[in-house]
Structures are given as structure tokens and as C-alpha cells.
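Listing of target.cif, mmCIF, N, CA and C atoms
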data_my_file
#
loop_
_atom_site.label_atom_id
_atom_site.label_comp_id
_atom_site.auth_asym_id
_atom_site.auth_seq_id
_atom_site.Cartn_x
_atom_site.Cartn_y
_atom_site.Cartn_z
N MET A 1 119.41 146.82 146.47
CA MET A 1 119.93 147.05 145.13
C MET A 1 119.77 145.82 144.25
N MET A 2 120.09 144.66 144.81
CA MET A 2 119.98 143.41 144.05
C MET A 2 118.52 143.13 143.70
N ARG A 3 117.65 143.40 144.63
CA ARG A 3 116.23 143.15 144.41
C ARG A 3 115.69 144.06 143.30
N LYS A 4 116.15 145.28 143.24
CA LYS A 4 115.70 146.23 142.22
C LYS A 4 116.14 145.78 140.83
N SER A 5 117.35 145.24 140.71
CA SER A 5 117.83 144.79 139.40
C SER A 5 117.06 143.55 138.93
N ILE A 6 116.66 142.70 139.86
CA ILE A 6 115.87 141.51 139.50
C ILE A 6 114.49 141.94 139.02
N ILE A 7 113.89 142.89 139.71
CA ILE A 7 112.56 143.38 139.31
C ILE A 7 112.63 144.05 137.94
N VAL A 8 113.67 144.84 137.70
CA VAL A 8 113.83 145.50 136.40
C VAL A 8 114.03 144.46 135.30
N SER A 9 114.82 143.43 135.57
CA SER A 9 115.05 142.36 134.58
C SER A 9 113.75 141.63 134.25
N LEU A 10 112.96 141.33 135.27
CA LEU A 10 111.69 140.65 135.04
C LEU A 10 110.72 141.53 134.25
N LEU A 11 110.71 142.81 134.54
CA LEU A 11 109.85 143.72 133.78
C LEU A 11 110.28 143.81 132.32
N VAL A 12 111.58 143.82 132.08
CA VAL A 12 112.07 143.87 130.70
C VAL A 12 111.67 142.59 129.96
N VAL A 13 111.82 141.45 130.60
CA VAL A 13 111.44 140.18 129.97
C VAL A 13 109.93 140.15 129.71
N LEU A 14 109.15 140.59 130.66
CA LEU A 14 107.70 140.62 130.50
C LEU A 14 107.29 141.56 129.38
N LEU A 15 107.88 142.73 129.34
CA LEU A 15 107.57 143.69 128.28
C LEU A 15 107.97 143.16 126.91
N SER A 16 109.14 142.53 126.82
CA SER A 16 109.59 141.96 125.54
C SER A 16 108.64 140.86 125.08
N THR A 17 108.21 140.04 126.01
CA THR A 17 107.28 138.96 125.68
C THR A 17 105.96 139.51 125.17
N LEU A 18 105.46 140.51 125.83
CA LEU A 18 104.19 141.12 125.40
C LEU A 18 104.31 141.75 124.02
N VAL A 19 105.43 142.39 123.74
CA VAL A 19 105.63 143.00 122.43
C VAL A 19 105.68 141.94 121.34
N LEU A 20 106.39 140.84 121.59
CA LEU A 20 106.49 139.77 120.59
C LEU A 20 105.14 139.11 120.35
N ILE A 21 104.39 138.90 121.42
CA ILE A 21 103.09 138.24 121.27
C ILE A 21 102.12 139.16 120.53
N SER A 22 102.12 140.43 120.87
CA SER A 22 101.16 141.34 120.26
C SER A 22 101.52 141.71 118.82
N SER A 23 102.79 141.55 118.44
CA SER A 23 103.19 141.92 117.08
C SER A 23 102.78 140.88 116.06
N GLY A 24 102.43 139.70 116.51
CA GLY A 24 101.98 138.66 115.58
C GLY A 24 103.11 138.13 114.72
N CYS A 25 104.20 137.74 115.32
CA CYS A 25 105.36 137.28 114.55
C CYS A 25 105.27 135.80 114.21
N SER A 26 104.09 135.23 114.24
CA SER A 26 103.94 133.83 113.87
C SER A 26 103.34 133.75 112.47
N GLN A 27 103.49 132.58 111.85
CA GLN A 27 102.97 132.38 110.50
C GLN A 27 101.48 132.08 110.57
N PRO A 28 100.75 132.48 109.55
CA PRO A 28 99.32 132.13 109.52
C PRO A 28 99.16 130.63 109.30
N GLY A 29 98.08 130.08 109.76
CA GLY A 29 97.84 128.65 109.62
C GLY A 29 97.52 128.27 108.18
N LYS A 30 97.67 127.00 107.89
CA LYS A 30 97.36 126.49 106.55
C LYS A 30 96.07 125.71 106.63
N THR A 31 95.33 125.74 105.56
CA THR A 31 94.09 124.98 105.51
C THR A 31 94.40 123.51 105.27
N TYR A 32 93.40 122.68 105.52
CA TYR A 32 93.56 121.25 105.30
C TYR A 32 93.90 120.95 103.84
N ALA A 33 93.27 121.67 102.93
CA ALA A 33 93.51 121.44 101.50
C ALA A 33 94.95 121.78 101.12
N GLU A 34 95.48 122.87 101.68
CA GLU A 34 96.86 123.25 101.37
C GLU A 34 97.85 122.21 101.90
N VAL A 35 97.62 121.74 103.11
CA VAL A 35 98.51 120.72 103.69
C VAL A 35 98.42 119.44 102.88
N HIS A 36 97.20 119.05 102.49
CA HIS A 36 97.02 117.83 101.70
C HIS A 36 97.74 117.95 100.35
N ARG A 37 97.61 119.11 99.70
CA ARG A 37 98.29 119.34 98.43
C ARG A 37 99.80 119.24 98.58
N GLU A 38 100.34 119.82 99.65
CA GLU A 38 101.79 119.76 99.87
C GLU A 38 102.25 118.33 100.11
N HIS A 39 101.47 117.56 100.87
CA HIS A 39 101.84 116.17 101.11
C HIS A 39 101.83 115.35 99.82
N LEU A 40 100.82 115.56 99.00
CA LEU A 40 100.77 114.84 97.71
C LEU A 40 101.95 115.22 96.82
N ARG A 41 102.29 116.50 96.79
CA ARG A 41 103.43 116.95 95.99
C ARG A 41 104.72 116.36 96.51
N ASP A 42 104.89 116.32 97.82
CA ASP A 42 106.11 115.74 98.40
C ASP A 42 106.22 114.25 98.07
N LEU A 43 105.09 113.54 98.15
CA LEU A 43 105.13 112.11 97.80
C LEU A 43 105.48 111.90 96.33
N ARG A 44 104.91 112.73 95.45
CA ARG A 44 105.20 112.60 94.03
C ARG A 44 106.67 112.88 93.73
N VAL A 45 107.21 113.93 94.34
CA VAL A 45 108.62 114.28 94.11
C VAL A 45 109.53 113.19 94.66
N ASN A 46 109.21 112.66 95.83
CA ASN A 46 110.03 111.60 96.41
C ASN A 46 110.00 110.35 95.55
N GLN A 47 108.83 110.01 95.01
CA GLN A 47 108.73 108.84 94.16
C GLN A 47 109.54 109.02 92.88
N LEU A 48 109.49 110.20 92.29
CA LEU A 48 110.29 110.46 91.09
C LEU A 48 111.78 110.37 91.39
N GLN A 49 112.19 110.88 92.54
CA GLN A 49 113.60 110.85 92.90
C GLN A 49 114.08 109.41 93.11
N VAL A 50 113.25 108.59 93.74
CA VAL A 50 113.62 107.19 93.94
C VAL A 50 113.76 106.48 92.60
N SER A 51 112.84 106.73 91.68
CA SER A 51 112.94 106.07 90.37
C SER A 51 114.16 106.56 89.59
N ARG A 52 114.49 107.84 89.71
CA ARG A 52 115.70 108.34 89.05
C ARG A 52 116.96 107.73 89.65
N ASP A 53 116.98 107.60 90.97
CA ASP A 53 118.13 106.98 91.62
C ASP A 53 118.27 105.53 91.20
N PHE A 54 117.15 104.82 91.11
CA PHE A 54 117.18 103.42 90.68
C PHE A 54 117.67 103.31 89.24
N ASP A 55 117.17 104.17 88.36
CA ASP A 55 117.62 104.16 86.97
C ASP A 55 119.12 104.44 86.86
N ARG A 56 119.60 105.36 87.66
CA ARG A 56 121.03 105.67 87.63
C ARG A 56 121.85 104.48 88.15
N ALA A 57 121.34 103.79 89.16
CA ALA A 57 122.08 102.67 89.76
C ALA A 57 122.21 101.51 88.77
N ILE A 58 121.18 101.27 87.95
CA ILE A 58 121.28 100.16 87.00
C ILE A 58 121.52 100.65 85.57
N HIS A 59 121.98 101.89 85.45
CA HIS A 59 122.43 102.49 84.19
C HIS A 59 121.34 102.55 83.12
N PHE A 60 120.10 102.79 83.52
CA PHE A 60 119.02 103.02 82.55
C PHE A 60 118.98 104.47 82.10
N ASP A 61 119.77 105.31 82.73
CA ASP A 61 119.73 106.73 82.38
C ASP A 61 120.69 107.05 81.24
N ARG A 62 121.39 106.04 80.73
CA ARG A 62 122.33 106.25 79.61
C ARG A 62 121.94 105.36 78.43
N PRO A 63 122.36 105.75 77.24
CA PRO A 63 122.09 104.88 76.09
C PRO A 63 122.87 103.57 76.20
N SER A 64 122.34 102.55 75.61
CA SER A 64 122.99 101.24 75.64
C SER A 64 124.23 101.25 74.75
N ARG A 65 125.25 100.52 75.14
CA ARG A 65 126.47 100.40 74.34
C ARG A 65 126.45 99.13 73.48
N LEU A 66 125.33 98.43 73.51
CA LEU A 66 125.22 97.21 72.73
C LEU A 66 125.07 97.53 71.25
N SER A 67 125.53 96.63 70.42
CA SER A 67 125.42 96.80 68.99
C SER A 67 123.96 96.64 68.57
N GLU A 68 123.54 97.41 67.57
CA GLU A 68 122.17 97.26 67.07
C GLU A 68 122.05 96.10 66.10
N MET A 69 123.18 95.57 65.68
CA MET A 69 123.16 94.46 64.73
C MET A 69 123.07 93.13 65.50
N ARG A 70 122.29 92.21 64.96
CA ARG A 70 122.14 90.91 65.61
C ARG A 70 123.19 89.95 65.11
N LEU A 71 123.56 89.06 65.97
CA LEU A 71 124.52 88.01 65.58
C LEU A 71 123.76 86.91 64.85
N PRO A 72 124.40 86.28 63.85
CA PRO A 72 123.69 85.21 63.12
C PRO A 72 123.52 83.96 63.93
#
Rewrite the structure of this file - the entire thing - as C-alpha cells.
Amino acid sequence: MMRKSIIVSLLVVLLSTLVLISSGCSQPGKTYAEVHREHLRDLRVNQLQVSRDFDRAIHFDRPSRLSEMRLP
């Protein structure tokens, strides 16, 4: 009885594996150009974010509170 349940379990696992493999549930591959474009976009976005963070840290993202008039 125990042996029969093990064989049935293995058959169920094998059948499930075959169904998943044959159904093609994986994503299609990307071309070199697509990957390169994504990497360039990620680098550009990261660089912009770093510059925005730096501007916020040294208060370049706000107008100056200094007077526009010069002292004599």
C-alpha cells in the first residue's frame, strides 16, 4: 500500500512537471539591443536621481532666500 502511494505521488509530480514545461510558462528572451537599451535607461534614471538627491541635500531645489539688492 505504501509503495503504491509513493508511485502515484511520483507520477503526479512527473505529470505536473511535464505539463508546466510543455505549456511554455517562461518569458521569451530579450535581444542584446533590448537589454542594452534597458541598461542605458537605468543608468540615466539613476544618474538623474542622484543629482536630484544632491540638489535637495544642498537646497538647490528651492529658490534662494537672499536679497536681490546688493549691500554698498
- [ ] Taking the chain letters and numbering used in this document, name the residues of chain A that DSSP puts in helix (DSSP H, G or I), as a PyMOL selection string.
- [x] chain A and resi 2-23+32-57
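Computed from the coordinates, the atom C of Lys30 of chain A to atom CA of Leu43 of chain A distance equals 18.6 Å.
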TODO: For atom N of Arg44 of chain A and atom C of Tyr32 of chain A, quote the distance in Å rounded to one decimal.
DONE: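 Distance reported for this atom pair: 16.1 Å.
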Task: atom CA of Asp55 of chain A to atom CA of His36 of chain A, distance in Å rounded to a single decimal - done: 28.8 Å
